[in-house]
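Undergrad: Dropping the structure in here first, questions after.
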Amino acid sequence: MTNHFAHIVRGSGPGLLLAHGGGGSVEGNFGGIVDDLARTHTVVGPDYPGSGATPRGSEPLDLDTIADELVSIAVDAGLDRFTILGYSLGTGVAVRAATRHPDRVTGLILTAGFTKPDNRLLLAVDIWRELLGGDRRLLAKFLTFAATGEKHLNALSPSELEAAIEGLACFIPEGSPEHVALVAGVDTRAELAGISVPTLVIATTLDGLVSPAHSRELAAGIPGAELVEIEAGHGIGVEASDAWLGVLQKFLSAGEGRN
């Protein structure tokens, strides 16, 4: 396991720790909103092994270790307590971090997440894993098909669609095989009832990869959690970044006394 992941630290103010998705990165998943978040918060964003500038490790990834490492990085960056914004796989990391470090985590924001993969997500993960060993362009087509909201996808011109596929094919992180294996093994269902911090769950209602039913399960399982639905596919950072940012800022500003 890589010791201490490469990470960004931006802004000042209350702490906000980012937990990115599988096959993603801080820049890839949060790049469009980081600067805005950093206007009011100290944003710490680590990249998992094989993403961004973090070298790929030789061992399988473990949810406990990822969660512990992210918390350690936030503390080393000067954050005593902080909210965690998790996206996709990062929601599992965020929940596990809150479970293992309740003295550090003051709030959770869980976007396009899940407690445990259902059969649809497991099938997508299996296809993803197999395509990683071969045609990256075909993998990019599959992920674009599965993860992009129908409304956004059908609004693209042929050249825009081509550019999106090419961009994704070039972006696929080297650590994706380990990330995808970790997605398949996530199960945080038993932890939800024990979470006592303010929690916002954001469902992506047009998501063909991680359906909004997963977000509803998260919200129902965490005491007092608030559920907000945004019309977007899994790629909310591209499809609905303004709506996403607005919901995030509202929750964060309401809870600044927590940090």
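By order in the structure tokens, chains are A, B, ...; within a chain, residues start at 1; ligands start at 1, following the order shown.
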Report as a list in words all protein, DNA and RNA residues lying within 8 Å of Ile172 (chain A), evaluated on only C-alpha atoms, omitting residues in the same chain fewer than 2 positions from it.
TA: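 Near Ile172 (chain A), the qualifying residues are Gly23, Gly24, Arg136, Leu168, Ala169, Cys170, Glu174 and Ser176 of chain A.
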Undergrad: What does the file look like for those residues with C-alpha atoms, as a compact mmCIF listing (two decimals), in the first residue's frame?
TA:
```
# COMPACT_ATOMS: atom_id res chain seq x y z
CA GLY A 23 -11.46 4.86 -11.69
CA GLY A 24 -11.54 8.57 -10.92
CA ARG A 136 -9.55 1.41 -23.56
CA LEU A 168 -12.27 9.44 -21.08
CA ALA A 169 -10.12 6.84 -22.86
CA CYS A 170 -7.06 8.98 -22.18
CA GLU A 174 -3.55 3.07 -14.01
CA SER A 176 -8.41 1.31 -12.07
```
Undergrad: Show me, as a VMD selection string, the residues that have an atom within 8 Å of region 190-195 of chain A when counting only C-alpha atoms, minus same-chain residues fewer than 3 positions from it.
TA: chain A and resid 95 to 96 98 to 99 187 218 221 to 223
Undergrad: Take the residues that were just selected and, keeping N, CA and C atoms, output them as a short mmCIF file (atom, residue, chain, number, x, y, z; two decimals), in the first residue's frame.
TA:
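Printed below is selection.cif as written:
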```cif
data_model
loop_
_atom_site.label_atom_id
_atom_site.label_comp_id
_atom_site.auth_asym_id
_atom_site.auth_seq_id
_atom_site.Cartn_x
_atom_site.Cartn_y
_atom_site.Cartn_z
N VAL A 95 -18.17 6.93 4.65
CA VAL A 95 -18.89 6.25 5.74
C VAL A 95 -17.92 5.49 6.63
N ARG A 96 -16.98 4.79 6.03
CA ARG A 96 -16.01 4.01 6.81
C ARG A 96 -15.13 4.95 7.65
N ALA A 98 -16.01 7.86 8.84
CA ALA A 98 -16.84 8.35 9.95
C ALA A 98 -17.00 7.28 11.03
N THR A 99 -17.07 6.03 10.62
CA THR A 99 -17.19 4.92 11.55
C THR A 99 -15.93 4.74 12.37
N ASP A 187 -19.31 -2.86 1.42
CA ASP A 187 -20.55 -3.15 2.14
C ASP A 187 -20.54 -2.39 3.46
N LEU A 218 -29.03 4.72 1.40
CA LEU A 218 -28.10 5.41 2.28
C LEU A 218 -28.83 6.37 3.20
N GLY A 221 -30.90 4.72 5.88
CA GLY A 221 -30.14 3.99 6.90
C GLY A 221 -29.41 4.86 7.90
N ILE A 222 -29.16 6.12 7.52
CA ILE A 222 -28.40 7.02 8.39
C ILE A 222 -29.37 7.93 9.14
N PRO A 223 -29.37 7.88 10.46
CA PRO A 223 -30.34 8.66 11.24
C PRO A 223 -30.28 10.15 10.91
#
```
Undergrad: Rank A:Leu156, A:Val44, A:Val197, A:Leu18 by their smallest atom-to-atom distance to His101 (chain A), using only C-alpha atoms, and report the top residue only.
TA: A:Val197
Undergrad: Considering only C-alpha atoms, can you say which of A:Glu231, A:Glu217, A:Asp47, A:Asp68 comes closest to Gly113 (chain A)?
TA: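 Checking each candidate against Gly113 (chain A), we get A:Glu217 as the closest.
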Undergrad: Write out as a VMD selection string the set of residues from region 37-129 of chain A that DSSP, computed on the backbone, places in strand (DSSP E).
TA: chain A and resid 42 to 46 82 to 87 105 to 111
Undergrad: Need the shell around Thr83 (chain A): protein/DNA/RNA residues with any atom at most 7 Å away, counting only C-alpha atoms. Skip same-chain ones fewer than 3 positions apart. Format as a PyMOL selection string?
TA: chain A and resi 15-17+105-108
Undergrad: Write to file, as a PDB file, in the first residue's frame, the residues of the selection just made, with N, CA and C atoms.
TA:
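Contents of out36.pdb, freshly written:
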```pdb
ATOM      1  N   GLY A  15     -12.696  22.583   7.565  1.00  0.00           N
ATOM      2  CA  GLY A  15     -12.117  21.505   6.778  1.00  0.00           C
ATOM      3  C   GLY A  15     -13.123  20.753   5.928  1.00  0.00           C
ATOM      4  N   LEU A  16     -12.703  20.422   4.703  1.00  0.00           N
ATOM      5  CA  LEU A  16     -13.504  19.601   3.789  1.00  0.00           C
ATOM      6  C   LEU A  16     -12.576  18.604   3.116  1.00  0.00           C
ATOM      7  N   LEU A  17     -12.786  17.327   3.396  1.00  0.00           N
ATOM      8  CA  LEU A  17     -11.977  16.243   2.833  1.00  0.00           C
ATOM      9  C   LEU A  17     -12.732  15.597   1.681  1.00  0.00           C
ATOM     10  N   VAL A 105     -14.635  13.348  12.157  1.00  0.00           N
ATOM     11  CA  VAL A 105     -15.596  13.620  11.093  1.00  0.00           C
ATOM     12  C   VAL A 105     -16.829  14.321  11.662  1.00  0.00           C
ATOM     13  N   THR A 106     -17.114  15.517  11.131  1.00  0.00           N
ATOM     14  CA  THR A 106     -18.217  16.325  11.654  1.00  0.00           C
ATOM     15  C   THR A 106     -19.444  16.328  10.747  1.00  0.00           C
ATOM     16  N   GLY A 107     -19.307  15.808   9.544  1.00  0.00           N
ATOM     17  CA  GLY A 107     -20.431  15.772   8.616  1.00  0.00           C
ATOM     18  C   GLY A 107     -20.083  14.934   7.407  1.00  0.00           C
ATOM     19  N   LEU A 108     -21.108  14.437   6.718  1.00  0.00           N
ATOM     20  CA  LEU A 108     -20.917  13.635   5.516  1.00  0.00           C
ATOM     21  C   LEU A 108     -21.792  14.183   4.388  1.00  0.00           C
TER      22      LEU A 108
END
```
Undergrad: For a quick check of understanding, using only C-alpha atoms, which of A:Gly208, A:Ala94, A:Ile202, A:Gly11 has the smallest distance to Phe142 (chain A)?
TA: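 The shortest atom-to-atom distance to Phe142 (chain A) comes from A:Gly208.
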Undergrad: Looking only at the backbone, which of the residues in region 8-55 of chain A does DSSP tag as alpha helix (DSSP H), as a list in words?
TA: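 Listing alpha helix (DSSP H) positions across region 8-55 of chain A yields Val26, Glu27, Gly28, Asn29, Phe30, Val34, Asp35, Asp36 and Leu37 of chain A.
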